[in-house]
$ cat my_file.tsv   # TSV, C-alpha atoms
chain	number	residue	atom	x	y	z
A	1	MET	CA	25.11	3.02	11.42
A	2	LYS	CA	28.57	3.75	12.80
A	3	ASN	CA	29.61	3.46	16.41
A	4	ASN	CA	32.59	4.03	18.69
A	5	LEU	CA	32.12	0.86	20.64
A	6	ARG	CA	35.70	-0.32	20.14
A	7	GLU	CA	37.13	2.96	21.49
A	8	LEU	CA	34.77	2.94	24.46
A	9	ARG	CA	35.66	-0.64	25.23
A	10	SER	CA	39.38	0.14	24.98
A	11	THR	CA	39.10	3.02	27.43
A	12	LYS	CA	37.52	0.63	29.93
A	13	GLN	CA	40.24	-1.95	29.11
A	14	TRP	CA	37.62	-4.60	28.52
A	15	SER	CA	37.99	-7.51	26.15
A	16	GLN	CA	35.22	-8.29	23.68
A	17	GLY	CA	34.29	-11.20	25.93
A	18	ASP	CA	33.98	-8.89	28.97
A	19	LEU	CA	31.63	-6.59	27.09
A	20	ALA	CA	29.70	-9.55	25.72
A	21	ASN	CA	29.19	-10.84	29.27
A	22	ALA	CA	28.05	-7.43	30.47
A	23	LEU	CA	25.54	-7.23	27.61
A	24	GLY	CA	24.44	-10.84	27.75
A	25	VAL	CA	25.35	-11.52	24.12
A	26	SER	CA	28.03	-13.58	22.37
A	27	ARG	CA	31.53	-12.27	21.62
A	28	GLN	CA	30.68	-12.62	17.93
A	29	THR	CA	27.87	-10.11	18.35
A	30	VAL	CA	30.23	-7.59	19.98
A	31	ASN	CA	32.74	-8.14	17.16
A	32	ALA	CA	30.03	-7.72	14.50
A	33	LEU	CA	28.86	-4.49	16.18
A	34	GLU	CA	32.40	-3.08	16.38
A	35	THR	CA	33.16	-3.86	12.77
A	36	GLY	CA	29.86	-2.35	11.65
A	37	ARG	CA	28.58	-5.60	10.16
A	38	TYR	CA	25.55	-5.64	12.42
A	39	ASP	CA	23.26	-2.90	13.70
A	40	PRO	CA	21.86	-3.65	17.15
A	41	SER	CA	18.21	-3.69	18.09
A	42	LEU	CA	16.92	-0.74	20.11
A	43	THR	CA	16.92	-2.94	23.22
A	44	LEU	CA	20.57	-3.87	22.79
A	45	ALA	CA	21.53	-0.27	21.95
A	46	PHE	CA	19.92	0.89	25.22
A	47	LYS	CA	21.74	-1.88	27.09
A	48	ILE	CA	25.07	-0.76	25.57
A	49	ALA	CA	24.34	2.83	26.54
A	50	ARG	CA	23.55	1.74	30.09
A	51	VAL	CA	26.76	-0.30	30.35
A	52	PHE	CA	28.88	2.69	29.26
A	53	ARG	CA	26.66	5.20	31.11
A	54	LEU	CA	26.36	7.33	27.99
A	55	PRO	CA	23.44	8.53	25.89
A	56	ILE	CA	22.80	6.36	22.81
A	57	GLU	CA	23.63	9.21	20.42
A	58	GLU	CA	27.16	9.42	21.86
A	59	ILE	CA	27.75	5.80	20.91
A	60	PHE	CA	25.81	5.38	17.68
A	61	ALA	CA	25.42	7.74	14.74
A	62	PRO	CA	23.85	7.26	11.32
A	63	THR	CA	26.41	6.88	8.51
A	64	GLU	CA	24.34	8.95	6.09
A	65	SER	CA	21.07	10.82	5.87
A	66	VAL	CA	18.33	8.41	6.84
A	67	GLY	CA	15.70	10.45	4.96
A	68	GLY	CA	12.37	11.68	6.23
A	69	ASP	CA	11.33	15.16	7.22
A	70	ALA	CA	13.40	17.11	9.65
A	71	ILE	CA	11.91	17.32	13.12
A	72	PRO	CA	10.72	20.88	13.73
A	73	PRO	CA	12.27	22.65	16.70
B	1	MET	CA	27.20	-23.62	15.78
B	2	PRO	CA	26.11	-20.01	16.28
B	3	GLY	CA	25.69	-19.60	20.01
B	4	SER	CA	28.81	-21.32	21.15
B	5	GLY	CA	31.26	-19.08	19.36
B	6	HIS	CA	32.88	-21.85	17.38
B	7	TYR	CA	31.42	-24.32	14.97
B	8	SER	CA	30.77	-27.52	16.83
B	9	CYS	CA	29.86	-30.65	14.96
B	10	THR	CA	28.90	-32.28	18.28
B	11	GLN	CA	26.36	-29.55	19.03
B	12	ASP	CA	24.94	-29.86	15.53
B	13	MET	CA	24.66	-33.60	16.03
B	14	LYS	CA	22.95	-33.19	19.42
B	15	LEU	CA	20.49	-30.73	17.95
B	16	SER	CA	19.72	-32.99	15.01
B	17	ALA	CA	19.56	-36.19	17.11
B	18	TRP	CA	15.75	-36.25	17.44
B	19	MET	CA	15.43	-35.57	13.71
B	20	VAL	CA	17.67	-38.55	13.01
B	21	VAL	CA	15.55	-40.66	15.40
B	22	ALA	CA	12.41	-39.45	13.57
B	23	ALA	CA	13.93	-40.40	10.20
B	24	LEU	CA	14.97	-43.84	11.48
B	25	THR	CA	11.52	-44.38	13.03
B	26	TYR	CA	9.93	-43.40	9.74
B	27	VAL	CA	12.09	-45.86	7.80
B	28	GLY	CA	11.49	-48.63	10.38
B	29	THR	CA	7.73	-48.17	10.62
B	30	THR	CA	7.37	-47.87	6.84
B	31	TYR	CA	9.22	-51.18	6.50
B	32	LEU	CA	7.02	-52.82	9.15
B	33	VAL	CA	3.78	-51.59	7.58
B	34	SER	CA	4.78	-52.60	4.05
B	35	HIS	CA	5.98	-56.08	5.11
B	36	ASN	CA	3.07	-56.93	7.43
B	37	ALA	CA	-0.10	-56.91	5.37
B	38	GLU	CA	-2.06	-58.58	8.20
B	39	LEU	CA	-1.68	-55.55	10.50
B	40	GLY	CA	-5.01	-53.95	11.38
B	41	VAL	CA	-5.97	-50.35	10.72
B	42	GLY	CA	-5.27	-49.47	14.36
B	43	TRP	CA	-1.69	-50.75	14.38
B	44	THR	CA	-0.99	-49.29	10.94
B	45	THR	CA	-2.18	-45.89	12.13
B	46	VAL	CA	-0.06	-46.11	15.30
B	47	LEU	CA	3.03	-47.11	13.31
B	48	ARG	CA	2.44	-44.42	10.68
B	49	LEU	CA	2.10	-41.72	13.36
B	50	MET	CA	5.04	-42.95	15.46
B	51	PRO	CA	7.68	-40.68	13.77
B	52	LEU	CA	5.68	-37.66	14.96
B	53	ALA	CA	6.81	-38.23	18.58
B	54	PRO	CA	10.58	-37.75	17.96
B	55	LEU	CA	9.70	-34.98	15.50
B	56	ALA	CA	7.83	-33.13	18.29
B	57	LEU	CA	10.87	-33.57	20.57
B	58	TRP	CA	13.10	-32.19	17.81
B	59	ILE	CA	10.83	-29.13	17.48
B	60	ARG	CA	11.08	-28.67	21.27
B	61	SER	CA	14.90	-28.87	21.19
B	62	MET	CA	14.96	-26.37	18.28
B	63	ALA	CA	12.69	-23.98	20.20
B	64	ARG	CA	15.02	-24.19	23.22
B	65	PHE	CA	18.02	-23.66	20.95
B	66	PHE	CA	16.41	-20.52	19.48
B	67	GLY	CA	15.56	-19.29	22.98
B	68	ARG	CA	19.24	-19.43	24.00
B	69	LEU	CA	20.46	-17.41	21.02
B	70	ASP	CA	21.23	-13.72	21.15
B	71	GLU	CA	19.76	-11.34	18.56
B	72	LEU	CA	22.56	-11.60	15.97
B	73	GLN	CA	22.59	-15.38	16.15
B	74	ARG	CA	18.80	-15.56	15.95
B	75	ASN	CA	18.95	-13.28	12.92
B	76	LEU	CA	21.55	-15.56	11.32
B	77	GLN	CA	19.55	-18.69	12.11
B	78	ILE	CA	16.44	-17.25	10.45
B	79	LYS	CA	18.53	-16.58	7.34
B	80	VAL	CA	20.09	-20.06	7.49
B	81	TRP	CA	16.65	-21.70	7.79
B	82	LEU	CA	15.40	-19.65	4.86
B	83	PHE	CA	18.44	-20.72	2.86
B	84	ALA	CA	17.87	-24.39	3.76
B	85	SER	CA	14.11	-24.31	3.07
B	86	ILE	CA	14.35	-22.42	-0.20
B	87	GLY	CA	17.27	-24.60	-1.30
B	88	ALA	CA	15.28	-27.79	-0.66
B	89	LEU	CA	12.22	-26.26	-2.35
B	90	ALA	CA	14.33	-25.41	-5.39
B	91	VAL	CA	15.60	-28.99	-5.64
B	92	VAL	CA	12.04	-30.39	-5.39
B	93	ALA	CA	10.81	-27.90	-8.01
B	94	LEU	CA	13.72	-28.80	-10.30
B	95	VAL	CA	13.05	-32.55	-10.01
B	96	ASN	CA	9.31	-32.04	-10.65
B	97	MET	CA	10.08	-29.88	-13.65
B	98	LEU	CA	12.38	-32.58	-15.06
B	99	ILE	CA	9.65	-35.20	-14.48
B	100	LEU	CA	7.12	-33.01	-16.31
B	101	ASN	CA	9.56	-32.72	-19.19
B	102	GLY	CA	9.76	-36.48	-19.58
B	103	PHE	CA	12.79	-37.39	-17.48
B	104	ASP	CA	12.53	-40.82	-15.87
B	105	LEU	CA	12.85	-39.69	-12.24
B	106	LYS	CA	10.93	-40.52	-9.07
B	107	PRO	CA	9.24	-37.67	-7.17
B	108	VAL	CA	11.33	-36.61	-4.15
B	109	GLY	CA	10.03	-38.17	-0.92
B	110	ILE	CA	9.78	-36.57	2.51
B	111	VAL	CA	12.94	-38.26	3.91
B	112	PRO	CA	15.30	-36.93	1.20
B	113	ILE	CA	13.69	-33.47	1.50
B	114	VAL	CA	14.17	-33.37	5.29
B	115	SER	CA	17.73	-34.73	4.93
B	116	LEU	CA	18.49	-32.04	2.37
B	117	VAL	CA	17.11	-29.32	4.66
B	118	ILE	CA	19.37	-30.58	7.48
B	119	VAL	CA	22.44	-30.72	5.23
B	120	LEU	CA	21.76	-27.18	3.94
B	121	TRP	CA	21.13	-25.96	7.49
B	122	VAL	CA	24.48	-27.36	8.70
B	123	ALA	CA	26.24	-25.86	5.66
B	124	GLY	CA	24.51	-22.50	6.17
B	125	SER	CA	25.35	-22.46	9.89
B	126	PHE	CA	28.98	-23.23	9.10
B	127	ILE	CA	29.15	-20.34	6.58
B	128	ALA	CA	27.43	-17.98	9.04
B	129	VAL	CA	29.82	-18.88	11.85
B	130	ARG	CA	32.84	-18.38	9.59
B	131	ARG	CA	31.53	-14.98	8.49
B	132	PHE	CA	30.87	-13.74	12.03
B	133	ARG	CA	33.84	-15.15	13.90
$ encode --input "my_file.tsv" --output "structure tokens"
Amino acid sequence: MKNNLRELRSTKQWSQGDLANALGVSRQTVNALETGRYDPSLTLAFKIARVFRLPIEEIFAPTESVGGDAIPP
Amino acid sequence: MPGSGHYSCTQDMKLSAWMVVAALTYVGTTYLVSHNAELGVGWTTVLRLMPLAPLALWIRSMARFFGRLDELQRNLQIKVWLFASIGALAVVALVNMLILNGFDLKPVGIVPIVSLVIVLWVAGSFIAVRRFR
């Protein structure tokens, strides 16, 4: 899963530590998320979305097709 | 240590303190029981079970430690514990296999196994912290 967490954080002029405090996680977790080494849980993804006041899909996107049937309209 | 941001030997030591106390109690009580043949069944039982008290306190401190971790760190700790447990299991299996094949070795006791798990856990935590700086 890719994300634009680093860009969003930069626009707010927050440090990784600031974002970590806002999310209640360690700075290492924020760094791992930004570098794509860790995919957050749904709970953390919702928390991130709430902090940036954006829908989850504007922050996170799958890197490739995740498989499964397409959802009918 | 995962959780603090930087590896801290002091935090590792604090976390392992009750385990060290349990190990020392085990060694001490084993010595007392083996060198005091006149001890009754009651006292022997009490002495044999004594290491369980610091062990229970260690489990409590580990549970608190896990409770303070965030999701990435908890994830890493689960992996580190798996690494430590499987590593120790592999060593025990290897020694037993050598014994079965005629090597003159003693079966691995509980104290060396627990010590090995702790050493592997510290090593695994150190690697995990370095990887996710």
$ residues_around --input "my_file.tsv" --residues "Val111 (chain B)" --least-positions-apart "2" --cutoff "9 Å" --atoms "all atoms listed in the file" --output "PyMOL selection string"
chain B and resi 23+26-27+108-109+113-116
$ atom_distance --input "my_file.tsv" --atom1 "CA of Val117 (chain B)" --atom2 "CA of Ser85 (chain B)"
6.1 Å
$ residues_near_point --input "my_file.tsv" --point "(14.4, -32.0, 20.5)" --cutoff "12 Å" --atoms "all atoms listed in the file" --output "PyMOL selection string"
chain B and resi 12-22+52-66
$ interface_residues --input "my_file.tsv" --of "chain A" --to "chain B" --cutoff "12 Å" --atoms "all atoms listed in the file" --output "MDAnalysis selection string"
chainID A and resid 17 20:21 23:45
$ atom_distance --input "my_file.tsv" --atom1 "CA of Ile99 (chain B)" --atom2 "CA of Leu120 (chain B)"
23.5 Å
$ axis_aligned_box --input "my_file.tsv" --around "region 83-96 of chain B" --padding-each-side "4 Å" --output "AutoDock Vina command-line options"
--center_x 13.9 --center_y -26.6 --center_z -3.4 --size_x 17.1 --size_y 19.8 --size_z 22.4
$ atom_distance --input "my_file.tsv" --atom1 "CA of Lys12 (chain A)" --atom2 "CA of Phe52 (chain A)"
8.9 Å
$ residues_around --input "my_file.tsv" --residues "Ala49 (chain A)" --least-positions-apart "4" --cutoff "10 Å" --atoms "all atoms listed in the file" --output "MDAnalysis selection string"
chainID A and resid 5 43:45 53:60
$ decode --input "my_file.tsv" --residues "region 70-81 of chain B" --atoms "all heavy atoms" --output "mmCIF file, in the first residue's frame"
data_model
loop_
_atom_site.group_PDB
_atom_site.id
_atom_site.type_symbol
_atom_site.label_atom_id
_atom_site.label_comp_id
_atom_site.auth_asym_id
_atom_site.auth_seq_id
_atom_site.Cartn_x
_atom_site.Cartn_y
_atom_site.Cartn_z
ATOM 1 N N ASP B 70 2.891 0.523 20.701
ATOM 2 C CA ASP B 70 1.951 0.822 19.629
ATOM 3 C C ASP B 70 1.930 -0.370 18.663
ATOM 4 O O ASP B 70 2.632 -1.354 18.868
ATOM 5 C CB ASP B 70 2.258 2.162 18.948
ATOM 6 C CG ASP B 70 3.517 2.140 18.102
ATOM 7 O OD1 ASP B 70 4.002 1.042 17.781
ATOM 8 O OD2 ASP B 70 4.023 3.214 17.752
ATOM 9 N N GLU B 71 1.092 -0.286 17.629
ATOM 10 C CA GLU B 71 0.849 -1.495 16.822
ATOM 11 C C GLU B 71 2.090 -2.014 16.084
ATOM 12 O O GLU B 71 2.285 -3.226 16.010
ATOM 13 C CB GLU B 71 -0.325 -1.289 15.873
ATOM 14 C CG GLU B 71 -0.142 -0.159 14.878
ATOM 15 C CD GLU B 71 -1.330 -0.053 13.941
ATOM 16 O OE1 GLU B 71 -2.448 0.152 14.435
ATOM 17 O OE2 GLU B 71 -1.134 -0.170 12.712
ATOM 18 N N LEU B 72 2.930 -1.107 15.576
ATOM 19 C CA LEU B 72 4.147 -1.562 14.879
ATOM 20 C C LEU B 72 5.081 -2.276 15.857
ATOM 21 O O LEU B 72 5.615 -3.344 15.572
ATOM 22 C CB LEU B 72 4.872 -0.374 14.229
ATOM 23 C CG LEU B 72 6.272 -0.671 13.681
ATOM 24 C CD1 LEU B 72 6.202 -1.615 12.492
ATOM 25 C CD2 LEU B 72 6.985 0.606 13.276
ATOM 26 N N GLN B 73 5.247 -1.660 17.020
ATOM 27 C CA GLN B 73 6.158 -2.221 18.019
ATOM 28 C C GLN B 73 5.645 -3.563 18.547
ATOM 29 O O GLN B 73 6.430 -4.481 18.782
ATOM 30 C CB GLN B 73 6.342 -1.222 19.155
ATOM 31 C CG GLN B 73 7.037 0.038 18.681
ATOM 32 C CD GLN B 73 6.859 1.181 19.635
ATOM 33 O OE1 GLN B 73 5.913 1.210 20.419
ATOM 34 N NE2 GLN B 73 7.750 2.144 19.568
ATOM 35 N N ARG B 74 4.320 -3.647 18.712
ATOM 36 C CA ARG B 74 3.735 -4.920 19.170
ATOM 37 C C ARG B 74 3.973 -6.002 18.114
ATOM 38 O O ARG B 74 4.331 -7.127 18.432
ATOM 39 C CB ARG B 74 2.241 -4.724 19.417
ATOM 40 C CG ARG B 74 1.661 -5.786 20.346
ATOM 41 C CD ARG B 74 0.262 -5.426 20.761
ATOM 42 N NE ARG B 74 0.236 -4.227 21.586
ATOM 43 C CZ ARG B 74 -0.722 -3.314 21.555
ATOM 44 N NH1 ARG B 74 -1.722 -3.440 20.737
ATOM 45 N NH2 ARG B 74 -0.679 -2.270 22.348
ATOM 46 N N ASN B 75 3.773 -5.601 16.862
ATOM 47 C CA ASN B 75 4.013 -6.502 15.733
ATOM 48 C C ASN B 75 5.465 -7.011 15.748
ATOM 49 O O ASN B 75 5.724 -8.199 15.607
ATOM 50 C CB ASN B 75 3.750 -5.680 14.464
ATOM 51 C CG ASN B 75 3.463 -6.521 13.272
ATOM 52 O OD1 ASN B 75 4.106 -7.533 13.082
ATOM 53 N ND2 ASN B 75 2.489 -6.116 12.471
ATOM 54 N N LEU B 76 6.393 -6.065 15.957
ATOM 55 C CA LEU B 76 7.815 -6.420 15.991
ATOM 56 C C LEU B 76 8.122 -7.344 17.163
ATOM 57 O O LEU B 76 8.870 -8.307 17.020
ATOM 58 C CB LEU B 76 8.679 -5.156 16.097
ATOM 59 C CG LEU B 76 8.769 -4.275 14.856
ATOM 60 C CD1 LEU B 76 9.553 -3.012 15.156
ATOM 61 C CD2 LEU B 76 9.425 -5.030 13.712
ATOM 62 N N GLN B 77 7.526 -7.031 18.323
ATOM 63 C CA GLN B 77 7.789 -7.849 19.509
ATOM 64 C C GLN B 77 7.295 -9.287 19.332
ATOM 65 O O GLN B 77 7.934 -10.220 19.793
ATOM 66 C CB GLN B 77 7.148 -7.216 20.746
ATOM 67 C CG GLN B 77 8.013 -6.168 21.397
ATOM 68 C CD GLN B 77 9.359 -6.712 21.845
ATOM 69 O OE1 GLN B 77 9.441 -7.723 22.524
ATOM 70 N NE2 GLN B 77 10.436 -6.057 21.448
ATOM 71 N N ILE B 78 6.153 -9.441 18.666
ATOM 72 C CA ILE B 78 5.633 -10.794 18.405
ATOM 73 C C ILE B 78 6.647 -11.556 17.546
ATOM 74 O O ILE B 78 6.984 -12.702 17.828
ATOM 75 C CB ILE B 78 4.244 -10.733 17.734
ATOM 76 C CG1 ILE B 78 3.212 -10.226 18.739
ATOM 77 C CG2 ILE B 78 3.828 -12.098 17.183
ATOM 78 C CD1 ILE B 78 1.880 -9.821 18.147
ATOM 79 N N LYS B 79 7.182 -10.859 16.531
ATOM 80 C CA LYS B 79 8.175 -11.494 15.659
ATOM 81 C C LYS B 79 9.456 -11.823 16.441
ATOM 82 O O LYS B 79 10.055 -12.883 16.246
ATOM 83 C CB LYS B 79 8.498 -10.589 14.471
ATOM 84 C CG LYS B 79 7.386 -10.569 13.447
ATOM 85 C CD LYS B 79 7.682 -9.609 12.327
ATOM 86 C CE LYS B 79 6.495 -9.546 11.372
ATOM 87 N NZ LYS B 79 6.588 -8.429 10.451
ATOM 88 N N VAL B 80 9.874 -10.889 17.301
ATOM 89 C CA VAL B 80 11.093 -11.098 18.085
ATOM 90 C C VAL B 80 10.917 -12.288 19.038
ATOM 91 O O VAL B 80 11.814 -13.124 19.173
ATOM 92 C CB VAL B 80 11.469 -9.802 18.864
ATOM 93 C CG1 VAL B 80 12.542 -10.072 19.894
ATOM 94 C CG2 VAL B 80 11.935 -8.728 17.903
ATOM 95 N N TRP B 81 9.742 -12.383 19.678
ATOM 96 C CA TRP B 81 9.482 -13.512 20.580
ATOM 97 C C TRP B 81 9.455 -14.822 19.806
ATOM 98 O O TRP B 81 9.936 -15.846 20.297
ATOM 99 C CB TRP B 81 8.165 -13.313 21.336
ATOM 100 C CG TRP B 81 8.375 -12.551 22.600
ATOM 101 C CD1 TRP B 81 7.968 -11.277 22.867
ATOM 102 C CD2 TRP B 81 9.083 -12.985 23.769
ATOM 103 N NE1 TRP B 81 8.390 -10.899 24.110
ATOM 104 C CE2 TRP B 81 9.065 -11.924 24.687
ATOM 105 C CE3 TRP B 81 9.742 -14.159 24.113
ATOM 106 C CZ2 TRP B 81 9.674 -12.010 25.943
ATOM 107 C CZ3 TRP B 81 10.345 -14.241 25.363
ATOM 108 C CH2 TRP B 81 10.301 -13.180 26.259
#
